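S.K.: Dropping in entry-v3.txt, which is compact mmCIF, C-alpha atoms:
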```txt
# COMPACT_ATOMS: atom_id res chain seq x y z
CA MET W 296 -0.62 128.23 32.82
CA SER W 297 -1.23 129.28 29.26
CA GLU W 298 -2.74 126.83 26.86
CA ARG W 299 -0.17 125.22 24.58
CA LYS W 300 -0.66 123.99 21.08
CA HIS W 301 1.65 121.01 21.56
CA ILE W 302 2.26 118.67 24.49
CA SER W 303 5.93 118.97 23.65
CA PRO W 304 7.48 121.75 21.55
CA ILE W 305 9.35 119.20 19.39
CA GLY W 306 8.20 119.51 15.82
CA GLN W 307 6.54 122.90 16.10
CA GLU W 308 8.98 124.22 13.50
CA GLY W 309 8.39 121.29 11.15
CA LEU W 310 10.79 118.77 9.71
CA TYR W 311 14.58 118.94 10.03
CA VAL W 312 15.88 118.78 6.47
CA LEU W 313 19.53 119.13 5.51
CA ASP W 314 20.70 120.08 2.02
CA THR W 315 22.59 116.84 1.40
CA ALA W 316 22.67 117.41 -2.37
CA SER W 317 25.42 119.98 -1.78
CA TRP W 318 27.76 117.15 -0.62
CA ARG W 319 27.70 115.51 -4.02
CA THR W 320 30.89 115.40 -6.09
CA HIS W 321 29.54 112.97 -8.70
CA ARG W 322 25.97 112.58 -9.88
CA PRO W 323 24.41 109.31 -11.07
CA VAL W 324 22.99 109.51 -14.60
CA MET W 325 20.67 106.79 -15.84
CA ASP W 326 20.76 105.57 -19.45
CA LYS W 327 17.06 105.00 -20.21
CA ASN W 328 17.91 102.97 -23.34
CA THR W 329 19.73 100.17 -21.51
CA CYS W 330 17.64 100.26 -18.30
CA VAL W 331 15.51 97.12 -17.97
CA GLU W 332 13.29 98.51 -15.16
CA CYS W 333 14.35 95.92 -12.60
CA GLY W 334 14.22 98.40 -9.71
CA ILE W 335 17.37 97.12 -7.99
CA CYS W 336 18.75 100.70 -7.82
CA LEU W 337 15.61 101.82 -5.98
CA SER W 338 15.92 99.03 -3.43
CA TYR W 339 19.57 99.87 -2.59
CA CYS W 340 19.48 103.69 -2.61
CA PRO W 341 20.19 104.75 1.02
CA VAL W 342 18.63 108.19 0.52
CA ASN W 343 15.56 107.01 -1.46
CA SER W 344 16.53 109.39 -4.26
CA ILE W 345 15.44 106.91 -6.91
CA ILE W 346 11.70 106.98 -7.39
CA PHE W 347 9.11 105.13 -9.45
CA ASN W 348 7.43 108.01 -11.24
CA ASP W 349 3.91 108.56 -12.57
CA GLU W 350 4.94 107.27 -15.99
CA ASN W 351 5.86 103.92 -14.39
CA LYS W 352 9.59 104.52 -14.94
CA TYR W 353 12.48 104.58 -12.49
CA GLU W 354 13.93 108.06 -12.18
CA ILE W 355 16.86 109.55 -10.26
CA THR W 356 16.05 112.73 -8.33
CA TYR W 357 18.82 115.09 -7.29
CA ASN W 358 17.28 117.11 -4.46
CA TYR W 359 18.92 115.02 -1.73
CA CYS W 360 21.16 112.51 -3.59
CA LYS W 361 24.54 112.40 -1.83
CA GLY W 362 26.27 110.86 -4.83
CA CYS W 363 27.46 107.69 -3.07
CA GLY W 364 27.38 105.67 -6.30
CA ILE W 365 25.87 102.48 -4.84
CA CYS W 366 23.22 102.52 -7.61
CA ALA W 367 25.91 102.64 -10.32
CA VAL W 368 27.81 99.70 -8.78
CA GLU W 369 24.72 97.56 -8.17
CA CYS W 370 22.94 98.13 -11.53
CA PRO W 371 23.06 94.72 -13.25
CA LYS W 372 22.99 96.36 -16.71
CA LYS W 373 25.53 99.10 -15.85
CA SER W 374 22.95 101.66 -16.97
CA ILE W 375 23.94 104.21 -14.34
CA SER W 376 27.17 106.15 -14.68
CA MET W 377 28.71 108.62 -12.25
CA VAL W 378 29.38 112.02 -13.83
CA ALA W 379 31.55 114.63 -12.10
CA GLU W 380 29.68 117.69 -10.81
CA GLY W 381 31.02 121.14 -11.64
CA GLY W 382 31.59 123.17 -14.76
CA GLU W 383 28.78 125.12 -16.37
CA ASP W 384 26.01 122.70 -15.49
CA HIS W 385 26.90 122.65 -11.79
CA GLY W 386 23.76 121.82 -9.96
CA MET Q 165 3.78 91.46 -4.75
CA ASN Q 166 7.55 91.23 -4.82
CA TYR Q 167 9.79 93.29 -2.58
CA ILE Q 168 10.59 95.99 -5.17
CA GLN Q 169 6.88 96.61 -5.78
CA THR Q 170 6.44 96.86 -2.01
CA LEU Q 171 9.31 99.33 -1.65
CA ARG Q 172 8.37 101.58 -4.53
CA THR Q 173 4.92 102.26 -3.13
CA ALA Q 174 5.88 102.40 0.55
CA LYS Q 175 6.06 105.96 1.88
CA ASP Q 176 9.34 107.15 3.41
CA VAL Q 177 8.59 108.79 6.76
CA VAL Q 178 12.19 109.81 7.53
CA THR Q 179 13.45 113.30 6.66
CA PRO Q 180 14.84 113.29 3.10
CA GLY Q 181 17.96 115.19 4.14
CA MET Q 182 19.71 113.51 7.09
CA SER Q 183 23.41 113.87 7.83
CA ALA Q 184 24.38 110.20 7.61
CA CYS Q 185 27.58 109.72 5.56
CA GLN Q 186 27.50 109.04 1.82
CA GLY Q 187 26.82 105.35 1.27
CA CYS Q 188 25.74 104.74 4.89
CA GLY Q 189 24.36 101.24 5.54
CA ALA Q 190 22.44 102.36 8.61
CA GLU Q 191 20.52 105.04 6.68
CA LEU Q 192 19.44 102.38 4.18
CA ILE Q 193 18.32 100.09 7.02
CA LEU Q 194 16.41 102.85 8.84
CA ARG Q 195 14.54 103.91 5.73
CA ARG Q 196 13.62 100.34 4.75
CA VAL Q 197 12.43 99.43 8.26
CA LEU Q 198 10.24 102.52 8.59
CA GLN Q 199 8.94 102.29 5.02
CA LEU Q 200 7.61 98.84 5.88
CA ALA Q 201 6.42 99.80 9.36
CA GLY Q 202 4.44 102.73 7.94
CA GLN Q 203 2.75 105.70 9.57
CA ASN Q 204 1.18 103.75 12.44
CA THR Q 205 4.50 103.48 14.25
CA ILE Q 206 6.36 104.83 17.25
CA VAL Q 207 10.11 104.61 16.89
CA CYS Q 208 13.00 104.92 19.32
CA VAL Q 209 16.46 105.85 18.06
CA PRO Q 210 19.07 105.88 20.86
CA PRO Q 211 22.28 107.93 20.66
CA GLY Q 212 24.49 106.64 17.89
CA CYS Q 213 25.03 107.33 14.22
CA LEU Q 214 21.33 107.62 13.42
CA GLY Q 215 20.50 109.58 16.57
CA GLY Q 216 23.30 111.97 15.70
CA SER Q 217 22.34 112.36 12.07
CA GLY Q 218 19.20 114.37 12.71
CA VAL Q 219 16.42 111.78 12.47
CA VAL Q 220 15.35 112.51 16.05
CA GLY Q 221 15.15 116.21 15.28
CA TRP Q 222 17.07 119.30 16.21
CA ASP Q 223 15.90 122.19 18.40
CA TYR Q 224 12.20 122.61 17.65
CA GLN Q 225 12.31 120.54 14.50
CA THR Q 226 11.54 116.83 14.25
CA GLY Q 227 13.40 114.35 12.06
CA MET Q 228 10.50 112.12 11.08
CA GLU Q 229 6.85 112.34 10.15
CA ILE Q 230 6.03 109.82 12.89
CA PRO Q 231 6.64 110.02 16.68
CA VAL Q 232 10.35 109.51 17.33
CA HIS Q 233 12.09 109.34 20.71
CA ILE Q 234 15.73 109.53 21.69
CA PRO Q 235 16.22 107.58 24.94
CA LEU Q 236 19.57 107.09 26.65
CA LEU Q 237 22.16 104.71 25.27
CA THR Q 238 21.37 102.25 28.06
CA ASN Q 239 17.59 102.23 28.38
CA THR Q 240 16.13 101.92 24.87
CA ALA Q 241 14.35 98.61 25.41
CA SER Q 242 13.00 99.51 28.86
CA TYR Q 243 11.79 102.89 27.52
CA LEU Q 244 9.90 101.13 24.74
CA SER Q 245 8.56 98.55 27.20
CA GLY Q 246 6.71 101.39 28.90
CA VAL Q 247 5.43 102.79 25.60
CA SER Q 248 4.33 99.33 24.49
CA ARG Q 249 2.54 98.52 27.78
CA MET Q 250 0.72 101.86 27.68
CA TYR Q 251 -0.48 101.26 24.14
CA GLN Q 252 -1.66 97.74 25.08
CA ARG Q 253 -3.61 99.20 27.99
CA LYS Q 254 -5.19 101.84 25.74
CA GLY Q 255 -6.32 99.06 23.40
CA ARG Q 256 -3.98 100.24 20.64
CA GLY Q 257 -2.09 96.99 20.07
CA ASP Q 258 -2.10 97.76 16.34
CA VAL Q 259 0.64 100.38 16.75
CA ASN Q 260 4.12 99.21 15.70
CA ILE Q 261 6.61 99.83 18.52
CA VAL Q 262 10.00 99.84 16.83
CA CYS Q 263 13.57 100.51 17.89
CA VAL Q 264 16.48 101.10 15.50
CA ALA Q 265 19.68 101.00 17.55
CA GLY Q 266 23.36 100.60 16.87
CA ASP Q 267 25.55 97.81 18.19
CA GLY Q 268 26.81 99.96 21.10
CA ALA Q 269 23.27 100.64 22.34
CA THR Q 270 22.39 96.97 21.81
CA ALA Q 271 25.34 94.75 22.64
CA ASP Q 272 27.24 96.91 25.14
CA GLY Q 273 25.58 99.75 27.06
CA GLY Q 274 21.98 98.82 26.32
CA PHE Q 275 22.32 95.08 26.79
CA GLN Q 276 20.87 94.75 30.27
CA SER Q 277 17.66 96.63 29.40
CA LEU Q 278 17.43 94.74 26.09
CA SER Q 279 17.90 91.40 27.80
CA GLY Q 280 15.29 92.32 30.40
CA ALA Q 281 12.71 93.42 27.84
CA ALA Q 282 13.37 90.29 25.77
CA GLU Q 283 12.93 88.04 28.78
CA ARG Q 284 9.64 89.75 29.68
CA ASN Q 285 8.62 89.26 26.03
CA GLU Q 286 7.52 92.87 25.57
CA LYS Q 287 5.73 93.60 22.31
CA ILE Q 288 8.54 95.41 20.50
CA LEU Q 289 10.44 95.05 17.23
CA TYR Q 290 14.10 95.72 18.04
CA ILE Q 291 16.39 96.32 15.06
CA CYS Q 292 20.15 96.45 15.62
CA TYR Q 293 22.26 97.93 12.82
CA ASP Q 294 25.66 96.42 13.48
CA ASN Q 295 28.44 98.63 12.12
CA GLU Q 296 30.92 97.04 14.52
CA GLY Q 297 31.83 100.05 16.61
CA TYR Q 298 30.94 103.45 18.05
CA MET Q 299 31.13 105.13 14.66
CA ASN Q 300 29.30 108.30 15.67
CA THR Q 301 31.92 109.33 18.24
CA GLY Q 302 34.95 108.47 16.13
CA PHE Q 303 35.18 104.72 15.47
CA GLN Q 304 35.91 103.27 18.91
CA ARG Q 305 35.80 99.50 19.39
CA SER Q 306 32.64 97.75 20.58
CA SER Q 307 32.00 94.17 21.61
CA THR Q 308 30.87 93.30 18.08
CA THR Q 309 34.04 94.64 16.42
CA THR Q 310 35.89 91.90 14.54
CA LEU Q 311 39.30 90.63 15.67
CA GLY Q 312 42.16 92.61 14.12
CA SER Q 313 40.01 95.64 13.19
CA HIS Q 314 41.68 99.01 13.32
CA THR Q 315 39.63 101.42 15.45
CA SER Q 316 40.61 104.59 17.30
CA THR Q 317 40.87 102.65 20.59
CA THR Q 318 42.56 99.60 19.03
CA PRO Q 319 45.19 101.25 16.80
CA LEU Q 320 47.80 99.53 14.67
CA GLY Q 321 51.19 99.75 16.37
CA SER Q 322 54.05 97.87 17.95
CA VAL Q 323 52.14 96.85 21.10
CA ILE Q 324 48.78 95.83 19.60
CA SER Q 325 47.65 95.51 16.02
CA GLY Q 326 43.91 96.12 15.96
CA LYS Q 327 41.32 94.56 18.27
CA GLU Q 328 42.68 91.60 20.23
CA GLN Q 329 39.39 89.82 20.95
CA GLN Q 330 36.87 88.00 18.77
CA GLN Q 331 33.47 89.63 18.25
CA LYS Q 332 30.46 88.82 20.40
CA TYR Q 333 27.76 87.06 18.36
CA LEU Q 334 24.68 88.82 19.63
CA PRO Q 335 21.84 87.34 17.50
CA LEU Q 336 22.37 83.86 18.90
CA ILE Q 337 22.51 85.24 22.45
CA MET Q 338 19.24 87.07 21.80
CA SER Q 339 17.55 84.01 20.33
CA MET Q 340 18.22 82.15 23.60
CA HIS Q 341 15.83 84.57 25.37
CA ASN Q 342 12.91 82.51 23.98
CA LEU Q 343 11.98 85.33 21.63
CA SER Q 344 8.95 85.26 19.36
CA TYR Q 345 11.16 86.04 16.40
CA CYS Q 346 14.88 86.45 15.94
CA ALA Q 347 16.74 86.89 12.66
CA THR Q 348 19.84 88.23 10.97
CA ALA Q 349 19.60 90.30 7.77
CA SER Q 350 21.93 91.99 5.34
CA PRO Q 351 20.99 94.92 3.06
CA SER Q 352 22.71 93.12 0.16
CA HIS Q 353 19.99 90.45 0.28
CA MET Q 354 17.12 92.91 0.13
CA ALA Q 355 14.29 90.45 -0.63
CA ASP Q 356 15.27 88.44 2.43
CA MET Q 357 15.64 91.60 4.53
CA VAL Q 358 12.20 92.93 3.52
CA ALA Q 359 10.60 89.54 4.29
CA LYS Q 360 12.26 89.49 7.72
CA ILE Q 361 11.21 93.05 8.58
CA GLU Q 362 7.61 92.17 7.66
CA LYS Q 363 7.76 89.01 9.78
CA GLY Q 364 9.36 90.96 12.63
CA LEU Q 365 6.57 93.56 12.56
CA ALA Q 366 3.93 90.82 12.59
CA TRP Q 367 5.63 88.94 15.45
CA SER Q 368 6.09 92.14 17.47
CA LYS Q 369 2.33 92.07 18.09
CA GLU Q 370 2.80 88.72 19.91
CA GLY Q 371 6.04 89.39 21.74
CA PHE Q 372 9.63 90.49 21.41
CA ALA Q 373 11.11 90.38 17.90
CA TYR Q 374 14.80 91.00 17.27
CA ILE Q 375 16.59 91.48 13.93
CA HIS Q 376 20.36 91.89 13.74
CA MET Q 377 21.41 93.73 10.58
CA PHE Q 378 24.80 94.01 8.94
CA SER Q 379 25.53 97.71 8.37
CA PRO Q 380 28.65 98.55 6.35
CA CYS Q 381 30.25 101.87 7.37
CA PRO Q 382 32.42 103.55 4.69
CA THR Q 383 33.81 106.21 7.04
CA GLY Q 384 34.79 103.92 9.88
CA TRP Q 385 35.77 100.82 7.91
CA LEU Q 386 37.69 102.83 5.31
CA TYR Q 387 36.41 101.59 1.98
CA ASP Q 388 35.09 103.36 -1.13
CA ILE Q 389 31.64 104.86 -0.55
CA ASP Q 390 30.03 102.95 -3.43
CA GLN Q 391 31.16 99.52 -2.19
CA GLY Q 392 28.82 99.09 0.81
CA ILE Q 393 26.43 96.58 -0.73
CA GLN Q 394 29.30 94.60 -2.31
CA ILE Q 395 30.93 94.29 1.11
CA ALA Q 396 27.66 93.25 2.74
CA ARG Q 397 27.22 90.62 0.02
CA LYS Q 398 30.72 89.26 0.55
CA ALA Q 399 30.07 89.13 4.30
CA VAL Q 400 27.14 86.80 3.63
CA GLN Q 401 28.94 84.79 0.93
CA SER Q 402 31.95 84.21 3.20
CA ASN Q 403 29.69 83.07 6.09
CA PHE Q 404 31.06 85.99 8.11
CA PHE Q 405 27.45 87.13 8.48
CA PRO Q 406 25.23 84.06 8.01
CA LEU Q 407 21.55 84.71 7.33
CA TRP Q 408 19.13 82.77 9.52
CA GLU Q 409 15.91 83.21 11.44
CA MET Q 410 14.25 81.68 14.46
CA GLU Q 411 10.50 81.41 14.47
CA ASN Q 412 8.39 79.26 16.82
CA ARG Q 413 11.70 78.18 18.42
CA LYS Q 414 12.81 76.63 15.11
CA TYR Q 415 16.02 77.82 13.49
CA ARG Q 416 16.24 78.05 9.74
CA MET Q 417 19.08 79.13 7.43
CA THR Q 418 17.60 81.57 4.91
CA TYR Q 419 20.67 81.64 2.67
CA ASP Q 420 22.19 78.24 2.02
CA ASN Q 421 25.80 78.95 1.16
CA LYS Q 422 26.97 76.09 -1.04
CA LYS Q 423 30.33 77.57 -2.06
CA PRO Q 424 31.53 80.00 0.61
CA ILE Q 425 34.28 82.46 -0.33
CA SER Q 426 37.24 82.88 2.03
CA ILE Q 427 37.49 85.52 4.76
CA ALA Q 428 40.64 86.80 3.01
CA ASP Q 429 38.41 87.66 0.05
CA PHE Q 430 35.93 89.47 2.32
CA VAL Q 431 38.54 91.60 4.16
CA LYS Q 432 40.72 92.57 1.22
CA ASP Q 433 38.92 95.78 0.22
CA ILE Q 434 38.21 96.99 3.77
CA GLY Q 435 40.74 99.50 5.13
CA LYS Q 436 40.28 98.65 8.81
CA PHE Q 437 41.70 95.16 8.10
CA ARG Q 438 44.68 96.45 6.12
CA ASP Q 439 47.32 95.16 8.57
CA LEU Q 440 45.58 91.91 9.44
CA SER Q 441 48.22 89.26 10.23
CA GLU Q 442 48.07 85.70 8.88
CA GLN Q 443 47.34 84.42 12.40
CA ASP Q 444 44.44 86.87 12.85
CA LEU Q 445 43.05 85.92 9.46
CA ALA Q 446 43.23 82.23 10.33
CA ALA Q 447 41.61 82.92 13.72
CA ILE Q 448 38.69 84.79 12.11
CA GLN Q 449 38.28 82.05 9.47
CA SER Q 450 38.18 79.32 12.11
CA MET Q 451 35.71 81.28 14.27
CA VAL Q 452 33.47 81.88 11.24
CA ASP Q 453 33.57 78.20 10.15
CA ASP Q 454 32.86 77.05 13.69
CA ARG Q 455 29.92 79.46 14.03
CA TYR Q 456 28.44 78.41 10.69
CA GLU Q 457 28.65 74.71 11.65
CA LYS Q 458 26.84 75.43 14.91
CA LEU Q 459 24.11 77.35 13.11
CA LYS Q 460 23.74 74.53 10.57
CA LYS Q 461 23.26 72.07 13.40
CA LEU Q 462 20.66 74.31 15.03
CA SER Q 463 18.67 74.84 11.85
CA SER Q 464 16.22 72.11 11.02
CA GLU Q 465 15.85 72.64 7.32
CA ALA Q 466 17.62 74.51 4.54
CA ASP Q 467 15.09 76.14 2.24
CA CYS Q 468 16.10 79.65 1.32
CA ASN Q 469 14.35 82.94 0.69
CA GLU Q 470 16.63 83.69 -2.24
```
Could you write out this structure as structure tokens?
M.R.:
Amino acid sequence: MSERKHISPIGQEGLYVLDTASWRTHRPVMDKNTCVECGICLSYCPVNSIIFNDENKYEITYNYCKGCGICAVECPKKSISMVAEGGEDHG
Amino acid sequence: MNYIQTLRTAKDVVTPGMSACQGCGAELILRRVLQLAGQNTIVCVPPGCLGGSGVVGWDYQTGMEIPVHIPLLTNTASYLSGVSRMYQRKGRGDVNIVCVAGDGATADGGFQSLSGAAERNEKILYICYDNEGYMNTGFQRSSTTTLGSHTSTTPLGSVISGKEQQQKYLPLIMSMHNLSYCATASPSHMADMVAKIEKGLAWSKEGFAYIHMFSPCPTGWLYDIDQGIQIARKAVQSNFFPLWEMENRKYRMTYDNKKPISIADFVKDIGKFRDLSEQDLAAIQSMVDDRYEKLKKLSSEADCNE
């Protein structure tokens, strides 16, 4: 029997990653002027798309954000608004 | 360190792109549990929404950066009993043995193995995300589905109008297995949920720990995708999903609800309750009030986490 690299072949092709950003119809946009850095959006984001960046600020990333809008509803200062995707800046 | 500081530094070991629906409560629960459990963890995800959404991998790819298993629907707890015993024997009791299962794999099909593992007091943390049905296969009823809910097997029509039976209250049943730790948690009360996951992980080194989590499901319950946390919050505020824990055989309410809102207020934005009759509403309200009174009697003191 030939020597195998893995006990089980699961994982030999790395991590299963789906492009969930392509599902998004609306993107959350954070208003940095009214944000009070409470971090409530980070705690409720189901996809962990909101990060605490190197500059010690909360930041929304769009690589996997599904655009559910929970962050916009839960923000106590209403600093996050949902903007329709599409048009020239479709991303 | 408060819970937000904990969460913002905790590494997410689940794949960033998993196919759970937009606004999925279970995805939020899975990520929070495994963020707190960390890299030194073995996790079991039985068939269900999470198992189907790619976190257990696909073909030769894996869905997590930690070891993840997909057992059968019925044998999750017994499967992990074996893993846990082996790690004890190897002298690796530091490894977190965690299960994240839906209500079908917990309350229905998987109940006998769960009950057995709980009775043997195996060193496992068992998390149930309760979305009140078999959502992965098309929203069929389960034993934790609420009375009057519209599901694909309890349709609204002239013969029946939604589920005819009251839900089974699993956390109290589980707590009667003399567990090390048993609790209920809701993602809307995140500080409380994080504290309970941390306690559950600590207690899972001594014996069986069980946490029952409320998991709103936008696709199956038919509500707007951004309303999940609001609905979870109303479930707690209406005493539909009371928050409590049992530790050292002592029950404690962790959210003392001084002014509960009505069940009518809780169900009004949820599509699966759209044809709820007055009688059904009254029946749910009376069941909820009765259950809350019982829990109050069981709990010795009323100091709250938040």
S.K.: Got a sec: who's within 7 Å of segment 387-395 of chain Q, counting only C-alpha atoms, leaving out chain neighbours fewer than 2 positions off, as a VMD selection string?
M.R.: (chain W and resid 363 to 365 368) or (chain Q and resid 186 to 187 189 351 to 352 380 382 385 397 to 399 433 to 435)
S.K.: Please, which residues in chain Q fall within 10 Å of chain W when counting all atoms listed in the file, and what is the closest atom pair and distance in Å to one decimal for each, ordered by chain then residue number, as JSON lines?
M.R.:
```
{"residue": "Q:Tyr167", "atom": "CA", "partner": "W:Ser338", "partner_atom": "CA", "distance": 8.4}
{"residue": "Q:Ile168", "atom": "CA", "partner": "W:Gly334", "partner_atom": "CA", "distance": 6.3}
{"residue": "Q:Gln169", "atom": "CA", "partner": "W:Gly334", "partner_atom": "CA", "distance": 8.5}
{"residue": "Q:Thr170", "atom": "CA", "partner": "W:Ser338", "partner_atom": "CA", "distance": 9.8}
{"residue": "Q:Leu171", "atom": "CA", "partner": "W:Ser338", "partner_atom": "CA", "distance": 6.9}
{"residue": "Q:Arg172", "atom": "CA", "partner": "W:Phe347", "partner_atom": "CA", "distance": 6.1}
{"residue": "Q:Thr173", "atom": "CA", "partner": "W:Phe347", "partner_atom": "CA", "distance": 8.1}
{"residue": "Q:Asp176", "atom": "CA", "partner": "W:Asn343", "partner_atom": "CA", "distance": 7.9}
{"residue": "Q:Val178", "atom": "CA", "partner": "W:Leu310", "partner_atom": "CA", "distance": 9.3}
{"residue": "Q:Thr179", "atom": "CA", "partner": "W:Val312", "partner_atom": "CA", "distance": 6.0}
{"residue": "Q:Pro180", "atom": "CA", "partner": "W:Val312", "partner_atom": "CA", "distance": 6.5}
{"residue": "Q:Gly181", "atom": "CA", "partner": "W:Leu313", "partner_atom": "CA", "distance": 4.5}
{"residue": "Q:Met182", "atom": "CA", "partner": "W:Leu313", "partner_atom": "CA", "distance": 5.8}
{"residue": "Q:Ser183", "atom": "CA", "partner": "W:Leu313", "partner_atom": "CA", "distance": 6.9}
{"residue": "Q:Ala184", "atom": "CA", "partner": "W:Thr315", "partner_atom": "CA", "distance": 9.3}
{"residue": "Q:Cys185", "atom": "CA", "partner": "W:Lys361", "partner_atom": "CA", "distance": 8.4}
{"residue": "Q:Gln186", "atom": "CA", "partner": "W:Cys363", "partner_atom": "CA", "distance": 5.1}
{"residue": "Q:Gly187", "atom": "CA", "partner": "W:Cys363", "partner_atom": "CA", "distance": 5.0}
{"residue": "Q:Cys188", "atom": "CA", "partner": "W:Pro341", "partner_atom": "CA", "distance": 6.8}
{"residue": "Q:Gly189", "atom": "CA", "partner": "W:Pro341", "partner_atom": "CA", "distance": 7.1}
{"residue": "Q:Ala190", "atom": "CA", "partner": "W:Pro341", "partner_atom": "CA", "distance": 8.3}
{"residue": "Q:Glu191", "atom": "CA", "partner": "W:Pro341", "partner_atom": "CA", "distance": 5.7}
{"residue": "Q:Leu192", "atom": "CA", "partner": "W:Pro341", "partner_atom": "CA", "distance": 4.0}
{"residue": "Q:Ile193", "atom": "CA", "partner": "W:Pro341", "partner_atom": "CA", "distance": 7.8}
{"residue": "Q:Leu194", "atom": "CA", "partner": "W:Pro341", "partner_atom": "CA", "distance": 8.9}
{"residue": "Q:Arg195", "atom": "CA", "partner": "W:Pro341", "partner_atom": "CA", "distance": 7.4}
{"residue": "Q:Arg196", "atom": "CA", "partner": "W:Ser338", "partner_atom": "CA", "distance": 8.6}
{"residue": "Q:Ser217", "atom": "CA", "partner": "W:Leu313", "partner_atom": "CA", "distance": 9.8}
{"residue": "Q:Gly218", "atom": "CA", "partner": "W:Tyr311", "partner_atom": "CA", "distance": 7.0}
{"residue": "Q:Val219", "atom": "CA", "partner": "W:Tyr311", "partner_atom": "CA", "distance": 7.8}
{"residue": "Q:Val220", "atom": "CA", "partner": "W:Tyr311", "partner_atom": "CA", "distance": 8.8}
{"residue": "Q:Gly221", "atom": "CA", "partner": "W:Tyr311", "partner_atom": "CA", "distance": 5.9}
{"residue": "Q:Trp222", "atom": "CA", "partner": "W:Tyr311", "partner_atom": "CA", "distance": 6.7}
{"residue": "Q:Asp223", "atom": "CA", "partner": "W:Ile305", "partner_atom": "CA", "distance": 7.3}
{"residue": "Q:Tyr224", "atom": "CA", "partner": "W:Ile305", "partner_atom": "CA", "distance": 4.8}
{"residue": "Q:Gln225", "atom": "CA", "partner": "W:Gly306", "partner_atom": "CA", "distance": 4.4}
{"residue": "Q:Thr226", "atom": "CA", "partner": "W:Gly306", "partner_atom": "CA", "distance": 4.6}
{"residue": "Q:Gly227", "atom": "CA", "partner": "W:Tyr311", "partner_atom": "CA", "distance": 5.2}
{"residue": "Q:Met228", "atom": "CA", "partner": "W:Leu310", "partner_atom": "CA", "distance": 6.8}
{"residue": "Q:Glu229", "atom": "CA", "partner": "W:Leu310", "partner_atom": "CA", "distance": 7.6}
{"residue": "Q:Pro231", "atom": "CA", "partner": "W:Gly306", "partner_atom": "CA", "distance": 9.7}
{"residue": "Q:Val232", "atom": "CA", "partner": "W:Ile305", "partner_atom": "CA", "distance": 10.0}
{"residue": "Q:Pro351", "atom": "CA", "partner": "W:Tyr339", "partner_atom": "CA", "distance": 7.6}
{"residue": "Q:Ser352", "atom": "CA", "partner": "W:Tyr339", "partner_atom": "CA", "distance": 7.9}
{"residue": "Q:His353", "atom": "CA", "partner": "W:Tyr339", "partner_atom": "CA", "distance": 9.9}
{"residue": "Q:Met354", "atom": "CA", "partner": "W:Ser338", "partner_atom": "CA", "distance": 7.2}
{"residue": "Q:Ala355", "atom": "CA", "partner": "W:Ser338", "partner_atom": "CA", "distance": 9.2}
{"residue": "Q:Val358", "atom": "CA", "partner": "W:Ser338", "partner_atom": "CA", "distance": 10.0}
{"residue": "Q:Asp388", "atom": "CA", "partner": "W:Cys363", "partner_atom": "CA", "distance": 9.0}
{"residue": "Q:Ile389", "atom": "CA", "partner": "W:Cys363", "partner_atom": "CA", "distance": 5.6}
{"residue": "Q:Asp390", "atom": "CA", "partner": "W:Ile365", "partner_atom": "CA", "distance": 4.4}
{"residue": "Q:Gln391", "atom": "CA", "partner": "W:Ile365", "partner_atom": "CA", "distance": 6.6}
{"residue": "Q:Gly392", "atom": "CA", "partner": "W:Ile365", "partner_atom": "CA", "distance": 7.2}
{"residue": "Q:Ile393", "atom": "CA", "partner": "W:Ile365", "partner_atom": "CA", "distance": 7.2}
{"residue": "Q:Gln394", "atom": "CA", "partner": "W:Glu369", "partner_atom": "CA", "distance": 8.0}
```
S.K.: Do you have the atom CA of Thr270 of chain Q-atom CA of Ser242 of chain Q distance handy?
M.R.: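 These two atoms are separated by 12.0 Å.
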S.K.: One decimal, Å: what's the distance from atom CA of His376 of chain Q over to atom CA of Cys292 of chain Q, could you say?
M.R.: 4.9 Å
S.K.: Could you name the residues that touch segment 205-216 of chain Q at 8 Å or less, counting all atoms listed in the file, but leaving out those on the same chain fewer than 3 positions away, as JSON, numbers by chain?
M.R.: {"Q": [184, 190, 191, 201, 202, 219, 220, 230, 231, 232, 233, 234, 235, 236, 237, 240, 244, 259, 260, 261, 262, 263, 264, 265, 266, 268, 269, 298, 299, 300, 301]}
S.K.: Residues around (6.8, 88.9, 21.9), cut-off 6 Å, counting all atoms listed in the file - what are they as a VMD selection string?
M.R.: chain Q and resid 285 to 287 344 368 370 to 372
S.K.: What does the structure give for the distance between atom CA of Leu320 of chain Q and atom CA of Ser450 of chain Q, in Å to one decimal?
M.R.: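 Result for atom CA of Leu320 of chain Q versus atom CA of Ser450 of chain Q: 22.5 Å, one decimal.
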S.K.: What's the 9 Å shell around His341 of chain Q, counting all atoms listed in the file, without same-chain residues fewer than 2 positions away, as a compact mmCIF listing (two decimals) with C-alpha atoms, in the coordinates of the input?
M.R.:
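Once everything was written out, this is selection_26.txt:
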```txt
# COMPACT_ATOMS: atom_id res chain seq x y z
CA SER Q 279 17.90 91.40 27.80
CA ALA Q 282 13.37 90.29 25.77
CA GLU Q 283 12.93 88.04 28.78
CA ASN Q 285 8.62 89.26 26.03
CA ILE Q 337 22.51 85.24 22.45
CA MET Q 338 19.24 87.07 21.80
CA SER Q 339 17.55 84.01 20.33
CA LEU Q 343 11.98 85.33 21.63
```
S.K.: Can you work out which one of W:Ile355, W:Asp326, W:Ser317, W:Glu350 has the shortest atom-to-atom distance to Lys372 of chain W, counting only C-alpha atoms?
M.R.: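 Between W:Ile355, W:Asp326, W:Ser317, W:Glu350, the residue approaching Lys372 of chain W most closely is W:Asp326.
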